[in-house]
Structure formats: C-alpha cells, structure tokens
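One structure below.
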Amino acid sequence: SSGINAEYGIRQHHVTSVARLHQCRNGDLSLFVRSVDQNNRCVGILGLRIPSRCLSTRPSAEQIALAQKYLHHHGKKNRKFRDWLMISLAILLLMFGVSAASVPLYKVFCSATGYGGTTQKHSQEDSEKLKMMQPVEWRPITVSFSATVNPGLDWEFTPVQESVSIVPGETCLAFFTAKNNSTRVITGISTYNVTPYQAGAYFNKIQCFCFDEQTLNPGEELDMPVFFYIDPEFIYEPELIRQQSRNVQLHYTFFDTDQQHSRFQQLSQDISAFFKGERMTPPDFNIPTGEDVVIVNDEVYKKVSRKGYEKEFVVPGVTVVCHVTGFLPDEEDKVFWSTKGGNPFTYTAGTGTVIEGWDEGVEGMSEGEIAKIYMSSNKGYGKIGNRSWNIPAHINIAFEIEILAVR
C-alpha cells in the first residue's frame, strides 16, 4: 500500500546502507534497511515493523518530510553524527521488534515443548485420538487451580472450584471468574503454566481463554471456561513416576494490556523529550524548615499567609470556591495560570477534579484562608506535563489558593 516515505543512505567502509521509513495506511510504521557493497551486492537486510497502537502519536506527511529535510541538511555537515544516529535508530527499532515478538515466540516455543509447565493446545488432529482414548481408572489425579493478577490490574480473578479429581484420558470442565473493580474499561490478557513442569506436555486444553484479550466494563463480571484432559501417556513419564506425583496445579495470571502498550508510548515520549531538551526524570523536592511551613506529606507542603475564619473547612465532597494562581518555583515563580481579576474557580474537593497535590494541600483549609501549596512533580502533572499551560514534564509546581467559600 502507498504511504509516507523517508529515505536516506549511509556509506562507510565501502558498504552503503539505504534506510526507508514507511507509514502504511493503517498507521503502522516500518523500517527497511538494505546494505550493499561496492559491487552492488546485497550484504544484509533488516526489516522491522512498529504497530500503530505502540505510537503515542501518528506522524503526518509534513513531519516525515521535515525530518527527511533535516537529516539531509545536517547529514552533509556531520556525517559521523548521522552514522551514529542510524545505528542507534536500528538498535532502538530492533528492541521494539524483539520486545513485541517475545511473548508470541515464547508462547509458540513453550506450547511445542511443554517447557516451563506450558500446556498443550488441542488440535483437530487430536479429535480422533480423543475418541479412542481409554481413561486410566487406576491412576486418579487431583488438579488444583490458582489465579493471580499482575500489580496494577484492579481485577478480582479467582477459580470457581479449588480442585477436581480426574484420571488420565478423561475430559474435565472448570471455570474461572474475573471482575473489574476499577472505574474504567480494562482489557486483560492471561498467561498460564502447570506444575510439576513435566506435566505440561501432557496437559491438553480443548477450550481456554488464555492469550485471548478479555474486555470488562467497570463492575462487570465474567465466567471463563477451561475444557481440558490429561493424556494417558502421563503415567509413563519417568520423572513423574520417580516423584510419584498425583497432584497437578494449573495457574493463570492476568495482565493489563494497556500497561504493556504504555511502555512503548512512554519510550516514544522520552525520546521526544530528549530531543526537545526537556527533563526526563523527576527533580529533587526539598521541604524547607520554618515556623510558617506546614508539612502535608513527603511530597506536599504549604505556607499559610493568612489564617481563615475557622468555621467552614475543606473536606472531601464539599464545593470549594477559590481564587488560584499557579506558578513554577524552579523557574523563578513563573506564573502559568491565575483567576485573580476574573471569575473564581469552583470545584468539588476529593473527587479527582484537581490534581492530587492540590487536593491534599487544600484539605483542612477554612474560608478566608490563603496559602501557597508546593508539590513535587509526582503530585502535579508528572511525566505528562500540561501543554495547554506550557508546563513541561517532570517539574515541581505550586499554587497560591484563597478560599472564598465552602459549601
């Protein structure tokens, strides 16, 4: 398909490398690098592809053209810099490709070998074998089930039954339940393994939810089946005979797919910040000492310049009317927002309407009180920043807040 292209070449030690950056119609980016010697013989080819979901933004045709013009102009002045840039780009894209491909490649390898307790997937060719299979009644096996979620995934994920008793050659149906406890739609994906590991080669799944994306709305609950059997060849496995194993455990772990995608998005944002000269890590946040300093926590403190009437106090759930001036303490108190001279700002406290450091610093203030609230970048706009106010990423911020009314 036709798309956006940028092409440039590098010649070094009698080898010419031509790189082509291509954006497909579906938004994916691909990089193709072809190296030829002085006799025009191909000595190497590299092809990589980055899915559009891994990109924080999609480059436009103008951006690609501008990048091409920039590289062409500066490449003449500093060819060595361009060579290193191309090498770094190739390594970076290779890391993208390896990282994106590691999960499916590992899945294929483990499914084929049973490595790490990975179960086998039932195929159409196994249907006839299943019909002819004779259960081994004298060798009962207890299959227990367990489930966990990766940190950061606000789901409940549990097996419906703790264990079942079956014999090799007998089919069994089990269920797992997942519930989304968060306030947002989450898509999760699960991995699995069997212990003892040697049993994985004989544990066959006819139907399973593993490696399939499961999307749950806030508060939604879903029952997911696992239909499986243990191959009768299980009883002849030497290591299992030596262990006299009669217990098998099937374990699942769910991951948030958004967290996996965000790794690539954050890497893209960090690269963009690097070339723009922006800060890439949070700055130090030091809390001063003094009688006028009120420490809220390790990342928020305030200085009260005028006490309030101490009648109505800010607590979660109340409506707060206030005048606000936002400034950057690390940039000579540069003001980025102010309501003074205009309409006051109204919000509901403790509901996430304002950033975390603001909510924590204002809690407990009363009508008529004025205070400057200082917070670390983690409690402010963090690694994202606020483009509408020209607040860069990873910068400490502060607000001078005057409480006009508490309702």
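By convention in this document, the chains of the structure tokens carry letters A, B, ... by their order, each chain's residues are numbered from 1, and ligands are numbered from 1 in the order they are shown.
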
Expected answer as number ranges by chain: strand (DSSP E) residues in stretch 186-245 of chain A: A: 186-195, 203-207, 214-216, 221-230

Go ahead and dump the residues you just picked, N, CA and C atoms, as an mmCIF file, in the first residue's frame.
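And here is the file that came out, again29.cif:
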```cif
data_model
loop_
_atom_site.group_PDB
_atom_site.id
_atom_site.type_symbol
_atom_site.label_atom_id
_atom_site.label_comp_id
_atom_site.auth_asym_id
_atom_site.auth_seq_id
_atom_site.Cartn_x
_atom_site.Cartn_y
_atom_site.Cartn_z
ATOM 1 N N ILE A 186 -11.240 -2.013 31.024
ATOM 2 C CA ILE A 186 -9.901 -2.597 31.001
ATOM 3 C C ILE A 186 -9.913 -3.854 30.137
ATOM 4 N N THR A 187 -8.896 -3.984 29.299
ATOM 5 C CA THR A 187 -8.689 -5.195 28.514
ATOM 6 C C THR A 187 -7.503 -5.937 29.100
ATOM 7 N N GLY A 188 -7.724 -7.195 29.472
ATOM 8 C CA GLY A 188 -6.669 -8.002 30.067
ATOM 9 C C GLY A 188 -6.354 -9.213 29.218
ATOM 10 N N ILE A 189 -5.198 -9.777 29.453
ATOM 11 C CA ILE A 189 -4.778 -10.998 28.759
ATOM 12 C C ILE A 189 -4.054 -11.875 29.771
ATOM 13 N N SER A 190 -4.222 -13.192 29.658
ATOM 14 C CA SER A 190 -3.691 -14.098 30.667
ATOM 15 C C SER A 190 -2.618 -15.019 30.100
ATOM 16 N N THR A 191 -1.709 -15.418 30.986
ATOM 17 C CA THR A 191 -0.740 -16.467 30.700
ATOM 18 C C THR A 191 -0.974 -17.601 31.689
ATOM 19 N N TYR A 192 -0.348 -18.733 31.474
ATOM 20 C CA TYR A 192 -0.646 -19.901 32.286
ATOM 21 C C TYR A 192 0.586 -20.789 32.398
ATOM 22 N N ASN A 193 0.572 -21.686 33.377
ATOM 23 C CA ASN A 193 1.579 -22.737 33.451
ATOM 24 C C ASN A 193 1.073 -23.852 34.361
ATOM 25 N N VAL A 194 1.734 -24.994 34.268
ATOM 26 C CA VAL A 194 1.353 -26.187 35.027
ATOM 27 C C VAL A 194 2.549 -26.636 35.859
ATOM 28 N N THR A 195 2.285 -27.056 37.083
ATOM 29 C CA THR A 195 3.315 -27.701 37.909
ATOM 30 C C THR A 195 2.770 -29.047 38.384
ATOM 31 N N PHE A 203 -0.773 -32.070 29.490
ATOM 32 C CA PHE A 203 -1.985 -31.331 29.850
ATOM 33 C C PHE A 203 -2.517 -30.649 28.590
ATOM 34 N N ASN A 204 -3.616 -31.125 28.045
ATOM 35 C CA ASN A 204 -4.165 -30.643 26.774
ATOM 36 C C ASN A 204 -5.439 -29.848 27.013
ATOM 37 N N LYS A 205 -5.482 -28.631 26.455
ATOM 38 C CA LYS A 205 -6.657 -27.776 26.579
ATOM 39 C C LYS A 205 -7.459 -27.809 25.279
ATOM 40 N N ILE A 206 -8.723 -28.162 25.390
ATOM 41 C CA ILE A 206 -9.623 -28.158 24.232
ATOM 42 C C ILE A 206 -10.199 -26.759 24.028
ATOM 43 N N GLN A 207 -10.515 -26.084 25.121
ATOM 44 C CA GLN A 207 -11.020 -24.708 25.076
ATOM 45 C C GLN A 207 -10.429 -23.948 26.248
ATOM 46 N N GLN A 214 -9.542 -10.142 26.995
ATOM 47 C CA GLN A 214 -10.840 -10.104 27.655
ATOM 48 C C GLN A 214 -11.091 -8.661 28.103
ATOM 49 N N THR A 215 -12.177 -8.063 27.604
ATOM 50 C CA THR A 215 -12.504 -6.672 27.932
ATOM 51 C C THR A 215 -13.677 -6.631 28.897
ATOM 52 N N LEU A 216 -13.486 -5.961 30.045
ATOM 53 C CA LEU A 216 -14.527 -5.851 31.062
ATOM 54 C C LEU A 216 -14.829 -4.384 31.338
ATOM 55 N N GLU A 221 -18.547 -8.649 35.529
ATOM 56 C CA GLU A 221 -18.003 -9.935 35.959
ATOM 57 C C GLU A 221 -18.167 -10.945 34.835
ATOM 58 N N LEU A 222 -17.165 -11.809 34.664
ATOM 59 C CA LEU A 222 -17.172 -12.748 33.543
ATOM 60 C C LEU A 222 -16.693 -14.116 34.003
ATOM 61 N N ASP A 223 -17.451 -15.166 33.609
ATOM 62 C CA ASP A 223 -17.045 -16.552 33.857
ATOM 63 C C ASP A 223 -16.355 -17.083 32.608
ATOM 64 N N MET A 224 -15.178 -17.674 32.789
ATOM 65 C CA MET A 224 -14.380 -18.150 31.660
ATOM 66 C C MET A 224 -14.081 -19.635 31.833
ATOM 67 N N PRO A 225 -14.428 -20.452 30.811
ATOM 68 C CA PRO A 225 -14.252 -21.904 30.938
ATOM 69 C C PRO A 225 -12.869 -22.380 30.494
ATOM 70 N N VAL A 226 -12.456 -23.494 31.078
ATOM 71 C CA VAL A 226 -11.270 -24.229 30.635
ATOM 72 C C VAL A 226 -11.682 -25.693 30.486
ATOM 73 N N PHE A 227 -11.649 -26.197 29.263
ATOM 74 C CA PHE A 227 -12.017 -27.578 28.958
ATOM 75 C C PHE A 227 -10.736 -28.325 28.613
ATOM 76 N N PHE A 228 -10.402 -29.357 29.360
ATOM 77 C CA PHE A 228 -9.090 -29.973 29.217
ATOM 78 C C PHE A 228 -9.143 -31.475 29.498
ATOM 79 N N TYR A 229 -8.024 -32.142 29.208
ATOM 80 C CA TYR A 229 -7.815 -33.531 29.605
ATOM 81 C C TYR A 229 -6.317 -33.768 29.753
ATOM 82 N N ILE A 230 -5.972 -34.827 30.480
ATOM 83 C CA ILE A 230 -4.575 -35.215 30.643
ATOM 84 C C ILE A 230 -4.339 -36.475 29.821
#
```

Stretch 358-365 of chain A environment, 9 Å, only C-alpha atoms, sequence neighbours closer than 3 positions dropped, as a VMD selection string: chain A and resid 296 to 297 300 to 302 307 to 308 310 312 to 316 349 to 355 368 to 375 379 to 380 398 to 399 401 403

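If you look at atom CA of A:Ala147 and atom CA of A:Arg242, they are 28.0 Å away from each other.
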
Which of A:Ala178, A:Leu404, A:Ile141, A:Leu328 sits closest to A:Ser377 [using only C-alpha atoms]: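 Among A:Ala178, A:Leu404, A:Ile141, A:Leu328, it is A:Leu328 that comes nearest to A:Ser377.
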
A:Leu153, A:Val185, A:Leu130, A:Val293 ranked by distance to A:Gly169, top pick (using only C-alpha atoms): A:Leu130

Coordinates-based distance that separates atom CA of A:Val160 from atom CA of A:Ala174 (Å, one decimal): 7.6 Å

Contacts of A:Pro168 within 10 Å, only C-alpha atoms, excl. fewer than 5 positions in-chain, as a VMD selection string: chain A and resid 133 to 141 202 to 203 229 to 235

DSSP helix (DSSP H, G or I) residues within stretch 176-220 of chain A, listed as a PyMOL selection string: chain A and resi 197-202

Straight-line distance linking atom CA of A:Trp155 with atom CA of A:Phe254, stated in Å to one decimal: 8.7 Å
